[in-house]
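What follows is the content of model.cif, which has mmCIF, N, CA and C atoms:
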```
data_input
#
loop_
_atom_site.label_atom_id
_atom_site.label_comp_id
_atom_site.auth_asym_id
_atom_site.auth_seq_id
_atom_site.Cartn_x
_atom_site.Cartn_y
_atom_site.Cartn_z
N MET A 268 16.49 1.09 2.61
CA MET A 268 15.04 1.08 2.74
C MET A 268 14.47 2.49 2.71
N ASN A 269 15.17 3.41 3.35
CA ASN A 269 14.68 4.76 3.40
C ASN A 269 14.39 5.32 2.01
N ASN A 270 15.16 4.88 1.02
CA ASN A 270 14.96 5.32 -0.36
C ASN A 270 13.57 4.91 -0.86
N THR A 271 13.16 3.68 -0.54
CA THR A 271 11.83 3.21 -0.93
C THR A 271 10.75 4.04 -0.24
N PHE A 272 10.94 4.31 1.04
CA PHE A 272 10.00 5.16 1.79
C PHE A 272 9.88 6.51 1.09
N ASN A 273 11.02 7.13 0.84
CA ASN A 273 11.01 8.48 0.25
C ASN A 273 10.40 8.50 -1.15
N LYS A 274 10.78 7.53 -1.98
CA LYS A 274 10.22 7.48 -3.35
C LYS A 274 8.71 7.29 -3.32
N SER A 275 8.24 6.43 -2.44
CA SER A 275 6.80 6.18 -2.34
C SER A 275 6.06 7.41 -1.86
N LYS A 276 6.62 8.06 -0.85
CA LYS A 276 5.99 9.27 -0.32
C LYS A 276 5.99 10.38 -1.37
N GLU A 277 7.09 10.53 -2.11
CA GLU A 277 7.17 11.54 -3.18
C GLU A 277 6.15 11.25 -4.28
N THR A 278 6.00 9.99 -4.62
CA THR A 278 5.03 9.60 -5.65
C THR A 278 3.62 9.92 -5.17
N PHE A 279 3.34 9.63 -3.91
CA PHE A 279 2.05 9.94 -3.30
C PHE A 279 1.84 11.45 -3.26
N ASP A 280 2.85 12.18 -2.83
CA ASP A 280 2.75 13.64 -2.74
C ASP A 280 2.55 14.28 -4.10
N SER A 281 2.98 13.60 -5.18
CA SER A 281 2.83 14.16 -6.52
C SER A 281 1.41 14.00 -7.07
N GLY A 282 0.57 13.24 -6.36
CA GLY A 282 -0.82 13.14 -6.79
C GLY A 282 -1.37 11.74 -6.94
N LEU A 283 -0.51 10.73 -7.06
CA LEU A 283 -1.04 9.37 -7.10
C LEU A 283 -1.58 9.02 -5.72
N LEU A 284 -2.45 8.04 -5.66
CA LEU A 284 -3.02 7.64 -4.38
C LEU A 284 -2.21 6.50 -3.76
N CYS A 285 -2.66 6.04 -2.61
CA CYS A 285 -1.89 5.12 -1.78
C CYS A 285 -1.47 3.83 -2.48
N ALA A 286 -2.43 3.03 -2.90
CA ALA A 286 -2.10 1.74 -3.54
C ALA A 286 -1.31 1.96 -4.82
N GLU A 287 -1.67 2.97 -5.57
CA GLU A 287 -0.97 3.29 -6.82
C GLU A 287 0.50 3.60 -6.56
N SER A 288 0.76 4.39 -5.54
CA SER A 288 2.13 4.82 -5.22
C SER A 288 3.01 3.66 -4.79
N VAL A 289 2.51 2.83 -3.88
CA VAL A 289 3.30 1.69 -3.40
C VAL A 289 3.60 0.74 -4.54
N LEU A 290 2.58 0.37 -5.31
CA LEU A 290 2.80 -0.55 -6.43
C LEU A 290 3.77 0.03 -7.45
N LYS A 291 3.60 1.28 -7.82
CA LYS A 291 4.44 1.91 -8.84
C LYS A 291 5.91 1.90 -8.43
N VAL A 292 6.19 2.29 -7.22
CA VAL A 292 7.59 2.38 -6.77
C VAL A 292 8.23 0.99 -6.69
N ILE A 293 7.54 0.04 -6.09
CA ILE A 293 8.11 -1.31 -5.97
C ILE A 293 8.27 -1.93 -7.36
N ALA A 294 7.28 -1.76 -8.22
CA ALA A 294 7.40 -2.31 -9.58
C ALA A 294 8.61 -1.72 -10.29
N GLU A 295 8.80 -0.41 -10.19
CA GLU A 295 9.96 0.23 -10.82
C GLU A 295 11.26 -0.30 -10.23
N GLU A 296 11.30 -0.47 -8.92
CA GLU A 296 12.51 -1.01 -8.29
C GLU A 296 12.79 -2.44 -8.76
N GLU A 297 11.74 -3.16 -9.12
CA GLU A 297 11.89 -4.53 -9.62
C GLU A 297 12.12 -4.58 -11.13
N GLY A 298 12.17 -3.41 -11.77
CA GLY A 298 12.41 -3.35 -13.20
C GLY A 298 11.17 -3.65 -14.04
N VAL A 299 10.01 -3.54 -13.44
CA VAL A 299 8.76 -3.83 -14.14
C VAL A 299 8.16 -2.52 -14.63
N LYS A 300 8.00 -2.42 -15.92
CA LYS A 300 7.33 -1.27 -16.54
C LYS A 300 6.09 -1.79 -17.24
N SER A 301 4.96 -1.18 -16.98
CA SER A 301 3.72 -1.61 -17.60
C SER A 301 2.75 -0.45 -17.65
N ASP A 302 2.01 -0.35 -18.74
CA ASP A 302 0.97 0.65 -18.86
C ASP A 302 -0.18 0.38 -17.88
N LEU A 303 -0.21 -0.81 -17.31
CA LEU A 303 -1.25 -1.17 -16.35
C LEU A 303 -1.01 -0.53 -14.98
N ILE A 304 0.24 -0.12 -14.74
CA ILE A 304 0.61 0.46 -13.46
C ILE A 304 0.70 1.97 -13.62
N PRO A 305 0.04 2.76 -12.83
CA PRO A 305 -0.58 2.48 -11.55
C PRO A 305 -2.07 2.14 -11.60
N GLY A 306 -2.68 2.23 -12.78
CA GLY A 306 -4.13 2.11 -12.89
C GLY A 306 -4.73 0.84 -12.31
N ILE A 307 -3.98 -0.26 -12.38
CA ILE A 307 -4.48 -1.53 -11.87
C ILE A 307 -4.75 -1.46 -10.36
N ALA A 308 -4.15 -0.50 -9.68
CA ALA A 308 -4.32 -0.35 -8.23
C ALA A 308 -5.35 0.71 -7.84
N SER A 309 -5.88 1.44 -8.79
CA SER A 309 -6.74 2.59 -8.48
C SER A 309 -7.95 2.25 -7.62
N GLY A 310 -8.62 1.18 -7.91
CA GLY A 310 -9.82 0.81 -7.15
C GLY A 310 -9.54 0.36 -5.74
N LEU A 311 -8.26 0.13 -5.43
CA LEU A 311 -7.88 -0.30 -4.09
C LEU A 311 -7.57 0.87 -3.16
N CYS A 312 -7.49 2.06 -3.73
CA CYS A 312 -7.15 3.25 -2.94
C CYS A 312 -8.32 3.68 -2.07
N SER A 313 -8.00 4.48 -1.07
CA SER A 313 -9.01 5.05 -0.16
C SER A 313 -9.81 3.98 0.55
N GLY A 314 -9.11 2.99 1.06
CA GLY A 314 -9.79 1.92 1.79
C GLY A 314 -10.66 1.07 0.89
N MET A 315 -10.17 0.77 -0.28
CA MET A 315 -10.86 0.00 -1.31
C MET A 315 -12.09 0.77 -1.81
N ALA A 316 -11.80 1.80 -2.57
CA ALA A 316 -12.83 2.61 -3.23
C ALA A 316 -13.79 3.25 -2.22
N ARG A 317 -13.22 3.76 -1.13
CA ARG A 317 -13.98 4.46 -0.08
C ARG A 317 -15.03 3.57 0.59
N THR A 318 -14.75 2.29 0.72
CA THR A 318 -15.68 1.38 1.40
C THR A 318 -15.26 1.10 2.83
N SER A 319 -14.24 1.81 3.30
CA SER A 319 -13.76 1.69 4.69
C SER A 319 -13.16 0.34 4.99
N ASN A 320 -12.50 -0.24 4.03
CA ASN A 320 -11.87 -1.54 4.23
C ASN A 320 -10.35 -1.38 4.32
N MET A 321 -9.62 -2.35 3.82
CA MET A 321 -8.16 -2.37 3.99
C MET A 321 -7.50 -1.13 3.39
N CYS A 322 -6.51 -0.63 4.10
CA CYS A 322 -5.71 0.52 3.69
C CYS A 322 -5.13 0.28 2.30
N GLY A 323 -5.25 1.26 1.44
CA GLY A 323 -4.73 1.16 0.08
C GLY A 323 -3.22 0.98 0.02
N ALA A 324 -2.50 1.55 0.98
CA ALA A 324 -1.05 1.37 0.99
C ALA A 324 -0.71 -0.10 1.18
N VAL A 325 -1.47 -0.78 2.02
CA VAL A 325 -1.25 -2.21 2.25
C VAL A 325 -1.64 -3.00 1.01
N THR A 326 -2.77 -2.68 0.41
CA THR A 326 -3.18 -3.43 -0.78
C THR A 326 -2.22 -3.19 -1.95
N GLY A 327 -1.65 -2.01 -2.03
CA GLY A 327 -0.62 -1.76 -3.03
C GLY A 327 0.61 -2.63 -2.78
N GLY A 328 0.95 -2.81 -1.51
CA GLY A 328 2.04 -3.70 -1.15
C GLY A 328 1.74 -5.14 -1.50
N ILE A 329 0.49 -5.54 -1.29
CA ILE A 329 0.08 -6.90 -1.64
C ILE A 329 0.22 -7.13 -3.14
N LEU A 330 -0.21 -6.15 -3.93
CA LEU A 330 -0.04 -6.26 -5.39
C LEU A 330 1.44 -6.35 -5.76
N ALA A 331 2.27 -5.55 -5.11
CA ALA A 331 3.70 -5.56 -5.41
C ALA A 331 4.33 -6.91 -5.04
N ILE A 332 3.96 -7.44 -3.90
CA ILE A 332 4.47 -8.76 -3.50
C ILE A 332 4.01 -9.81 -4.51
N SER A 333 2.77 -9.72 -4.92
CA SER A 333 2.24 -10.69 -5.89
C SER A 333 2.89 -10.54 -7.25
N LEU A 334 3.30 -9.34 -7.59
CA LEU A 334 4.03 -9.12 -8.83
C LEU A 334 5.33 -9.93 -8.84
N VAL A 335 5.95 -10.02 -7.68
CA VAL A 335 7.24 -10.72 -7.56
C VAL A 335 7.05 -12.21 -7.26
N THR A 336 6.09 -12.55 -6.41
CA THR A 336 5.98 -13.94 -5.92
C THR A 336 4.73 -14.66 -6.38
N GLY A 337 3.88 -13.98 -7.13
CA GLY A 337 2.63 -14.59 -7.57
C GLY A 337 2.85 -15.74 -8.54
N ARG A 338 1.87 -16.60 -8.61
CA ARG A 338 1.96 -17.78 -9.48
C ARG A 338 1.92 -17.38 -10.95
N LYS A 339 2.59 -18.20 -11.74
CA LYS A 339 2.57 -18.04 -13.20
C LYS A 339 1.71 -19.13 -13.84
N THR A 340 1.52 -20.22 -13.09
CA THR A 340 0.68 -21.33 -13.56
C THR A 340 -0.16 -21.85 -12.40
N ALA A 341 -1.24 -22.54 -12.74
CA ALA A 341 -2.17 -23.04 -11.72
C ALA A 341 -1.56 -24.10 -10.82
N ASP A 342 -0.53 -24.77 -11.26
CA ASP A 342 0.04 -25.84 -10.43
C ASP A 342 1.15 -25.35 -9.50
N GLU A 343 1.48 -24.08 -9.53
CA GLU A 343 2.48 -23.54 -8.62
C GLU A 343 1.89 -23.32 -7.23
N SER A 344 2.72 -23.43 -6.23
CA SER A 344 2.30 -23.24 -4.84
C SER A 344 2.07 -21.75 -4.55
N LEU A 345 1.14 -21.49 -3.68
CA LEU A 345 0.87 -20.13 -3.21
C LEU A 345 1.57 -19.84 -1.89
N ASP A 346 2.24 -20.84 -1.34
CA ASP A 346 2.79 -20.72 0.02
C ASP A 346 3.71 -19.51 0.18
N LYS A 347 4.64 -19.32 -0.73
CA LYS A 347 5.59 -18.22 -0.62
C LYS A 347 4.87 -16.87 -0.69
N ASN A 348 3.93 -16.75 -1.61
CA ASN A 348 3.17 -15.52 -1.76
C ASN A 348 2.33 -15.25 -0.52
N TYR A 349 1.59 -16.24 -0.08
CA TYR A 349 0.73 -16.05 1.09
C TYR A 349 1.54 -15.68 2.33
N ALA A 350 2.68 -16.33 2.52
CA ALA A 350 3.52 -16.02 3.68
C ALA A 350 4.01 -14.58 3.63
N ALA A 351 4.41 -14.12 2.45
CA ALA A 351 4.90 -12.75 2.30
C ALA A 351 3.77 -11.74 2.53
N VAL A 352 2.59 -12.01 2.00
CA VAL A 352 1.45 -11.10 2.19
C VAL A 352 1.04 -11.07 3.66
N GLN A 353 1.00 -12.23 4.30
CA GLN A 353 0.65 -12.28 5.72
C GLN A 353 1.66 -11.49 6.55
N ARG A 354 2.92 -11.59 6.19
CA ARG A 354 3.96 -10.84 6.91
C ARG A 354 3.75 -9.34 6.75
N LEU A 355 3.44 -8.88 5.54
CA LEU A 355 3.18 -7.46 5.32
C LEU A 355 2.03 -6.97 6.21
N ILE A 356 0.94 -7.69 6.18
CA ILE A 356 -0.23 -7.28 6.97
C ILE A 356 0.12 -7.28 8.45
N SER A 357 0.78 -8.32 8.91
CA SER A 357 1.14 -8.44 10.32
C SER A 357 2.07 -7.32 10.77
N GLU A 358 3.10 -7.03 9.99
CA GLU A 358 4.05 -5.98 10.37
C GLU A 358 3.41 -4.59 10.33
N PHE A 359 2.58 -4.35 9.34
CA PHE A 359 1.89 -3.06 9.25
C PHE A 359 0.96 -2.88 10.45
N GLU A 360 0.19 -3.92 10.76
CA GLU A 360 -0.73 -3.85 11.89
C GLU A 360 0.01 -3.73 13.22
N ALA A 361 1.15 -4.37 13.35
CA ALA A 361 1.94 -4.27 14.58
C ALA A 361 2.41 -2.83 14.79
N GLU A 362 2.74 -2.16 13.71
CA GLU A 362 3.23 -0.79 13.81
C GLU A 362 2.11 0.24 14.00
N PHE A 363 0.99 0.04 13.30
CA PHE A 363 -0.05 1.07 13.29
C PHE A 363 -1.33 0.66 14.02
N GLY A 364 -1.41 -0.57 14.48
CA GLY A 364 -2.58 -1.01 15.24
C GLY A 364 -3.72 -1.52 14.39
N SER A 365 -3.64 -1.36 13.09
CA SER A 365 -4.71 -1.79 12.19
C SER A 365 -4.20 -1.72 10.75
N SER A 366 -4.91 -2.40 9.86
CA SER A 366 -4.67 -2.22 8.42
C SER A 366 -5.96 -1.74 7.76
N ASN A 367 -6.92 -1.33 8.56
CA ASN A 367 -8.21 -0.87 8.09
C ASN A 367 -8.19 0.64 7.93
N CYS A 368 -8.50 1.11 6.76
CA CYS A 368 -8.44 2.54 6.44
C CYS A 368 -9.27 3.38 7.42
N GLN A 369 -10.49 2.98 7.67
CA GLN A 369 -11.36 3.77 8.55
C GLN A 369 -10.78 3.86 9.96
N GLU A 370 -10.20 2.77 10.44
CA GLU A 370 -9.59 2.80 11.77
C GLU A 370 -8.32 3.64 11.78
N LEU A 371 -7.52 3.54 10.74
CA LEU A 371 -6.28 4.31 10.67
C LEU A 371 -6.54 5.81 10.61
N LEU A 372 -7.59 6.20 9.90
CA LEU A 372 -7.88 7.62 9.71
C LEU A 372 -8.92 8.17 10.68
N ALA A 373 -9.61 7.27 11.38
CA ALA A 373 -10.69 7.65 12.30
C ALA A 373 -11.78 8.45 11.57
N CYS A 374 -12.03 8.05 10.33
CA CYS A 374 -13.14 8.62 9.57
C CYS A 374 -13.49 7.67 8.42
N ASN A 375 -14.71 7.78 7.96
CA ASN A 375 -15.20 6.95 6.86
C ASN A 375 -15.15 7.78 5.59
N LEU A 376 -14.24 7.42 4.70
CA LEU A 376 -14.07 8.19 3.46
C LEU A 376 -15.27 8.10 2.52
N GLY A 377 -16.17 7.18 2.79
CA GLY A 377 -17.35 7.02 1.94
C GLY A 377 -18.52 7.91 2.33
N THR A 378 -18.31 8.76 3.33
CA THR A 378 -19.37 9.67 3.76
C THR A 378 -18.92 11.12 3.59
N GLU A 379 -19.90 12.02 3.49
CA GLU A 379 -19.57 13.45 3.39
C GLU A 379 -18.85 13.92 4.64
N ASP A 380 -19.31 13.44 5.79
CA ASP A 380 -18.68 13.80 7.06
C ASP A 380 -17.22 13.34 7.09
N GLY A 381 -17.00 12.12 6.66
CA GLY A 381 -15.65 11.58 6.62
C GLY A 381 -14.76 12.34 5.66
N GLN A 382 -15.29 12.71 4.51
CA GLN A 382 -14.51 13.48 3.54
C GLN A 382 -14.15 14.85 4.11
N ARG A 383 -15.10 15.48 4.81
CA ARG A 383 -14.82 16.78 5.43
C ARG A 383 -13.69 16.65 6.46
N LYS A 384 -13.76 15.60 7.28
CA LYS A 384 -12.72 15.39 8.29
C LYS A 384 -11.37 15.10 7.61
N PHE A 385 -11.39 14.27 6.58
CA PHE A 385 -10.16 13.92 5.86
C PHE A 385 -9.51 15.17 5.28
N ILE A 386 -10.29 15.99 4.62
CA ILE A 386 -9.76 17.20 3.98
C ILE A 386 -9.43 18.26 5.03
N GLY A 387 -10.34 18.47 5.96
CA GLY A 387 -10.16 19.51 6.98
C GLY A 387 -8.94 19.29 7.86
N ASN A 388 -8.64 18.05 8.15
CA ASN A 388 -7.48 17.73 8.98
C ASN A 388 -6.25 17.36 8.16
N ASN A 389 -6.35 17.54 6.85
CA ASN A 389 -5.26 17.24 5.92
C ASN A 389 -4.66 15.86 6.20
N LEU A 390 -5.53 14.86 6.35
CA LEU A 390 -5.09 13.52 6.68
C LEU A 390 -4.25 12.89 5.57
N ARG A 391 -4.49 13.32 4.35
CA ARG A 391 -3.66 12.80 3.23
C ARG A 391 -2.18 13.03 3.52
N MET A 392 -1.85 14.25 3.92
CA MET A 392 -0.45 14.58 4.19
C MET A 392 -0.05 14.20 5.62
N ASN A 393 -0.95 14.37 6.56
CA ASN A 393 -0.60 14.15 7.96
C ASN A 393 -0.52 12.68 8.36
N LEU A 394 -1.24 11.81 7.68
CA LEU A 394 -1.23 10.38 8.02
C LEU A 394 -0.91 9.48 6.83
N CYS A 395 -1.64 9.66 5.76
CA CYS A 395 -1.55 8.72 4.64
C CYS A 395 -0.15 8.63 4.03
N GLY A 396 0.54 9.75 3.93
CA GLY A 396 1.88 9.73 3.37
C GLY A 396 2.82 8.80 4.14
N ASN A 397 2.69 8.80 5.46
CA ASN A 397 3.51 7.91 6.28
C ASN A 397 3.09 6.46 6.09
N TYR A 398 1.79 6.20 5.99
CA TYR A 398 1.33 4.83 5.75
C TYR A 398 1.87 4.31 4.42
N VAL A 399 1.84 5.16 3.41
CA VAL A 399 2.36 4.79 2.09
C VAL A 399 3.85 4.47 2.17
N GLY A 400 4.60 5.36 2.77
CA GLY A 400 6.04 5.15 2.89
C GLY A 400 6.39 3.89 3.65
N ARG A 401 5.74 3.68 4.77
CA ARG A 401 6.03 2.49 5.58
C ARG A 401 5.57 1.21 4.91
N ALA A 402 4.40 1.22 4.27
CA ALA A 402 3.94 0.01 3.57
C ALA A 402 4.92 -0.36 2.46
N ALA A 403 5.40 0.63 1.74
CA ALA A 403 6.38 0.37 0.68
C ALA A 403 7.69 -0.14 1.27
N GLU A 404 8.12 0.46 2.35
CA GLU A 404 9.37 0.07 2.99
C GLU A 404 9.29 -1.37 3.53
N ILE A 405 8.19 -1.70 4.17
CA ILE A 405 7.99 -3.06 4.67
C ILE A 405 7.95 -4.04 3.51
N THR A 406 7.22 -3.67 2.45
CA THR A 406 7.12 -4.53 1.26
C THR A 406 8.50 -4.78 0.65
N ARG A 407 9.28 -3.72 0.54
CA ARG A 407 10.63 -3.85 -0.02
C ARG A 407 11.47 -4.84 0.80
N LYS A 408 11.40 -4.71 2.12
CA LYS A 408 12.17 -5.61 2.99
C LYS A 408 11.72 -7.05 2.83
N ILE A 409 10.43 -7.27 2.75
CA ILE A 409 9.90 -8.62 2.58
C ILE A 409 10.40 -9.23 1.27
N ILE A 410 10.32 -8.46 0.20
CA ILE A 410 10.79 -8.95 -1.10
C ILE A 410 12.30 -9.22 -1.05
N ASP A 411 13.04 -8.34 -0.43
CA ASP A 411 14.49 -8.53 -0.32
C ASP A 411 14.85 -9.76 0.51
N ASP A 412 14.01 -10.09 1.47
CA ASP A 412 14.26 -11.25 2.33
C ASP A 412 13.92 -12.59 1.67
N LEU A 413 13.24 -12.55 0.53
CA LEU A 413 12.83 -13.81 -0.13
C LEU A 413 14.01 -14.56 -0.70
#
```
Once you've parsed the file, please lay out its structure as structure tokens.
Amino acid sequence: MNNTFNKSKETFDSGLLCAESVLKVIAEEEGVKSDLIPGIASGLCSGMARTSNMCGAVTGGILAISLVTGRKTADESLDKNYAAVQRLISEFEAEFGSSNCQELLACNLGTEDGQRKFIGNNLRMNLCGNYVGRAAEITRKIIDDL
């Protein structure tokens, strides 16, 4: 698992954002190569496009889980996918107390004040990198447990 943590954190440290990094690493580990990745996750980064909602690392994990367990046809059950996504959210929240970007960072990325705090306190490196690594690691374990 530590390998998934490290790869995700390295991908994040190289310049990709939270959701992009988690999705890219898990997709690569699953043998999925697509020109859509990481771009398909871009709008989910920074608490869903700086709207102070769900953490991008978690939403990247949700996309990765859906890549593996998502339906291929309308008549397939969603039960396996929903259970895996619920487990990711639950485990992340149990560890960090929330899955909400604004709560995790204690700032609103959609405001100038929040951006100043984010940059001034280097929250990208001091907090977000760990969230990315752990979300990817939890996601990997969930997929492996399926």
- Query: What is the CA of Gly400 (chain A)-atom N of Arg338 (chain A) distance in Å, reported with one decimal?
  - Reply: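 We find that CA of Gly400 (chain A) and atom N of Arg338 (chain A) lie 25.0 Å from each other.
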- Expressed in Å to a single decimal, how great is the separation between CA of Ala331 (chain A) and atom C of Gln369 (chain A)?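 So the answer is 23.1 Å.
Residues surrounding Ala324 (chain A) within 6 Å are A:Cys285, A:Ala286, A:Val399, A:Ala402 [only C-alpha atoms; sequence separation below 6 positions excluded].
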- Hey, can you check how far atom C of Ser366 (chain A) sits from atom C of Asn320 (chain A)?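 Computed distance, atom C of Ser366 (chain A) to atom C of Asn320 (chain A), equals 5.6 Å.
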- Query: the PyMOL selection byres ((chain A and resi 355-358) around 8) on the file shown: which residues, as a PyMOL selection string?
  - Reply: chain A and resi 325+328-329+349-354+359-366+402+405-406+409
